[in-house]
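First the structure, in the form of structure tokens, and then the observations on it.
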Amino acid sequence: MDKSFVTFLLLISLLPLVASCQGQGNTVKSLLPDSIYQAGRASAYGIGKFYLGREIAHVMGAAGGEWLERDSRQQEENTRLAIEKIDLPVTASVADIGAGTGYYSFRLAHKFYQGKVYAVDIQEEFLQYLRNKKKTDRDSVVIVVKGSEVSPNLPAGSIDLALMTDVYHELGYPHEMLQAIKKSLKPGGKILLLEYRAEDPNVPIKPLHKMSIAQAGKEMAANGFTLTYDGEFLPQQHFLLYSVKK
């Protein structure tokens with residue numbers, strides 16, 4: 001039989017499997033026998049991929065940039081207080097993972113003006129926005145980094161704090177990302193999650209874009225982190241600080 005015809009038949013036989021994988025919302029890894037993720041029916045705001053009982057939410061695209069920069073954000077989230085509560089010296093190195101428009105990155109740069117702020121994102125539209133803003137502001141602190149779905153692509157032992165603001169629940173590969181972040185932390189380095197409170201039904205955010213302390217703790221513990229500070233002083237968000245388990 002002609003070799004090219006055999007190849008054609010093989011491709012045809014694989015099409016249903018490919019379609020099935022795509023229909024699960026980027027859950028190809030969850031189909032592997034040893035995967036830590038599970039595939040399921042996708043909800044309206046999820047991708048049909050589950051980690052430790054939680055469905056992973058859709059990623060906010062660059063079209064959501066205006067929402068990140070909305071005038072009401074300070075009043076709704078008290079971002080100034082969140083940054084004020086980050087207890088590190090001005091020489092610290094901080095990674096803003098899932099930086100988006102850099103709303104936090106460039107504000108952190110004012111606080112850690114003798115250190116470094118890594119603005120990490122995977123979407124090219126956001127990365128270009130960050131580069132343009134850095135140039136316009138003549139900023140010398142923020143370092144724009146293109147990450148991936150599984151890593152922030154930061155040097156090993158380079159950061160004192162990894163900040164994720166309303167980002168963690170959207171990570172497509174939370175286990176891999178947390179392990180990569182762990183490698184990038186300096187000794188004594190920490191992870192800070194700012195997440196809308198799932199425990200509060202009055203917080204006007206879609207359920208998959210919120211997280212409870214219990215669920216966050218379960219996932220962080222599974223990756224070798226322990227909660228060292230739970231700050232409940234923000235209007236709508238948890239302020240959860242984690243350290244590497246000893």
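A note on labels: chains of the structure tokens are A, B, ... as shown, every chain counts residues from 1, and ligands are counted from 1 in their shown order.
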Spatial neighbours of stretch 222-228 of chain A, 9 Å, only C-alpha atoms, chain gap at least 6 places, as an NGL selection string: :A and (175 or 178-179 or 182 or 190-191 or 240-246)
7 Å contact set for A:Thr165, only C-alpha atoms, chain neighbours under 6 positions out, as a ChimeraX atom specification: /A:193-195
Print the selection's residues with all heavy atoms to a file, as a PDB file, in the first residue's frame.
ATOM      1  N   LEU A 193      -0.773  36.040  47.179  1.00  0.00           N
ATOM      2  CA  LEU A 193      -1.968  35.948  46.341  1.00  0.00           C
ATOM      3  C   LEU A 193      -2.971  37.004  46.777  1.00  0.00           C
ATOM      4  O   LEU A 193      -3.362  37.066  47.945  1.00  0.00           O
ATOM      5  CB  LEU A 193      -2.629  34.566  46.466  1.00  0.00           C
ATOM      6  CG  LEU A 193      -1.834  33.334  46.045  1.00  0.00           C
ATOM      7  CD1 LEU A 193      -2.723  32.096  46.142  1.00  0.00           C
ATOM      8  CD2 LEU A 193      -1.285  33.478  44.639  1.00  0.00           C
ATOM      9  N   LEU A 194      -3.388  37.839  45.837  1.00  0.00           N
ATOM     10  CA  LEU A 194      -4.521  38.736  46.037  1.00  0.00           C
ATOM     11  C   LEU A 194      -5.645  38.162  45.200  1.00  0.00           C
ATOM     12  O   LEU A 194      -5.570  38.168  43.965  1.00  0.00           O
ATOM     13  CB  LEU A 194      -4.185  40.162  45.587  1.00  0.00           C
ATOM     14  CG  LEU A 194      -3.031  40.867  46.300  1.00  0.00           C
ATOM     15  CD1 LEU A 194      -2.886  42.295  45.781  1.00  0.00           C
ATOM     16  CD2 LEU A 194      -3.225  40.876  47.800  1.00  0.00           C
ATOM     17  N   GLU A 195      -6.658  37.625  45.857  1.00  0.00           N
ATOM     18  CA  GLU A 195      -7.759  36.960  45.161  1.00  0.00           C
ATOM     19  C   GLU A 195      -9.089  37.426  45.742  1.00  0.00           C
ATOM     20  O   GLU A 195      -9.233  37.559  46.966  1.00  0.00           O
ATOM     21  CB  GLU A 195      -7.656  35.433  45.307  1.00  0.00           C
ATOM     22  CG  GLU A 195      -6.558  34.794  44.470  1.00  0.00           C
ATOM     23  CD  GLU A 195      -6.949  34.645  42.998  1.00  0.00           C
ATOM     24  OE1 GLU A 195      -8.140  34.805  42.668  1.00  0.00           O
ATOM     25  OE2 GLU A 195      -6.045  34.346  42.184  1.00  0.00           O
TER      26      GLU A 195
END
For stretch 139-215 of chain A against stretch 70-93 of chain A, with a cut-off of 8 Å and counting only C-alpha atoms, what is the closest atom pair and its distance in Å to one decimal for every residue that makes the cut, ordered by chain and number, as CSV?
residue,atom,partner,partner_atom,distance
A:Ser158,CA,A:Ser93,CA,7.2
A:Ile159,CA,A:Ser93,CA,4.9
A:Asp160,CA,A:Ser93,CA,5.4
A:Leu161,CA,A:Ser93,CA,6.8
Kindly export the residues of the current selection with N, CA, C and O atoms, as a compact mmCIF listing (two decimals), in the first residue's frame.
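Output (again-v3.txt):
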# COMPACT_ATOMS: atom_id res chain seq x y z
N SER A 158 16.15 34.50 42.34
CA SER A 158 16.28 35.92 41.97
C SER A 158 15.28 36.86 42.63
O SER A 158 15.46 38.07 42.60
N ILE A 159 14.20 36.34 43.24
CA ILE A 159 13.15 37.24 43.74
C ILE A 159 12.83 37.00 45.21
O ILE A 159 12.92 35.89 45.72
N ASP A 160 12.45 38.09 45.87
CA ASP A 160 12.03 38.03 47.26
C ASP A 160 10.54 37.74 47.39
O ASP A 160 10.10 37.19 48.40
N LEU A 161 9.78 38.15 46.38
CA LEU A 161 8.33 37.99 46.44
C LEU A 161 7.77 37.79 45.04
O LEU A 161 8.14 38.50 44.10
Using 12 Å as the limit and counting only C-alpha atoms, can you tabulate each residue of stretch 163-238 of chain A that touches stretch 115-118 of chain A, with its shortest atom-to-atom distance in Å and the two atoms involved, as a tab-separated table?
residue	atom	partner	partner_atom	distance
A:Leu163	CA	A:Tyr118	CA	10.0
A:Met164	CA	A:Tyr118	CA	11.9
A:Ser184	CA	A:Tyr118	CA	11.6
Residue nearest A:Arg131 - candidates A:Gly217, A:Gly100, A:Pro207, A:Gly189, atoms counted: only C-alpha atoms: A:Gly100
Strand (DSSP E or B) positions in chain A, given as a PyMOL selection string: chain A and resi 37-39+46-51+54-57+93-97+116-121+142-146+159-165+185-197+211+225-231+237-244
Proximity of stretch 102-138 of chain A to stretch 147-156 of chain A: per-residue shortest pair, 8 Å limit, only C-alpha atoms, as a Markdown table:
| residue | atom | partner | partner_atom | distance |
| --- | --- | --- | --- | --- |
| A:Val120 | CA | A:Gly147 | CA | 5.9 |
| A:Asp121 | CA | A:Gly147 | CA | 5.5 |
| A:Ile122 | CA | A:Gly147 | CA | 5.0 |
Output the selection as a PDB file, in the first residue's frame - N, CA and C atoms for each residue.
ATOM      1  N   VAL A 120       5.757  40.194  34.507  1.00  0.00           N
ATOM      2  CA  VAL A 120       5.709  38.947  33.734  1.00  0.00           C
ATOM      3  C   VAL A 120       4.324  38.753  33.127  1.00  0.00           C
ATOM      4  N   ASP A 121       4.284  38.480  31.843  1.00  0.00           N
ATOM      5  CA  ASP A 121       3.019  38.128  31.193  1.00  0.00           C
ATOM      6  C   ASP A 121       3.314  37.225  30.008  1.00  0.00           C
ATOM      7  N   ILE A 122       2.258  36.585  29.488  1.00  0.00           N
ATOM      8  CA  ILE A 122       2.443  35.688  28.344  1.00  0.00           C
ATOM      9  C   ILE A 122       1.775  36.218  27.090  1.00  0.00           C
TER      10      ILE A 122
END
Closest of A:Met211, A:Leu68, A:Ala119, A:Ala180 to A:Ile97 - atom-to-atom distances counting only C-alpha atoms: A:Ala119
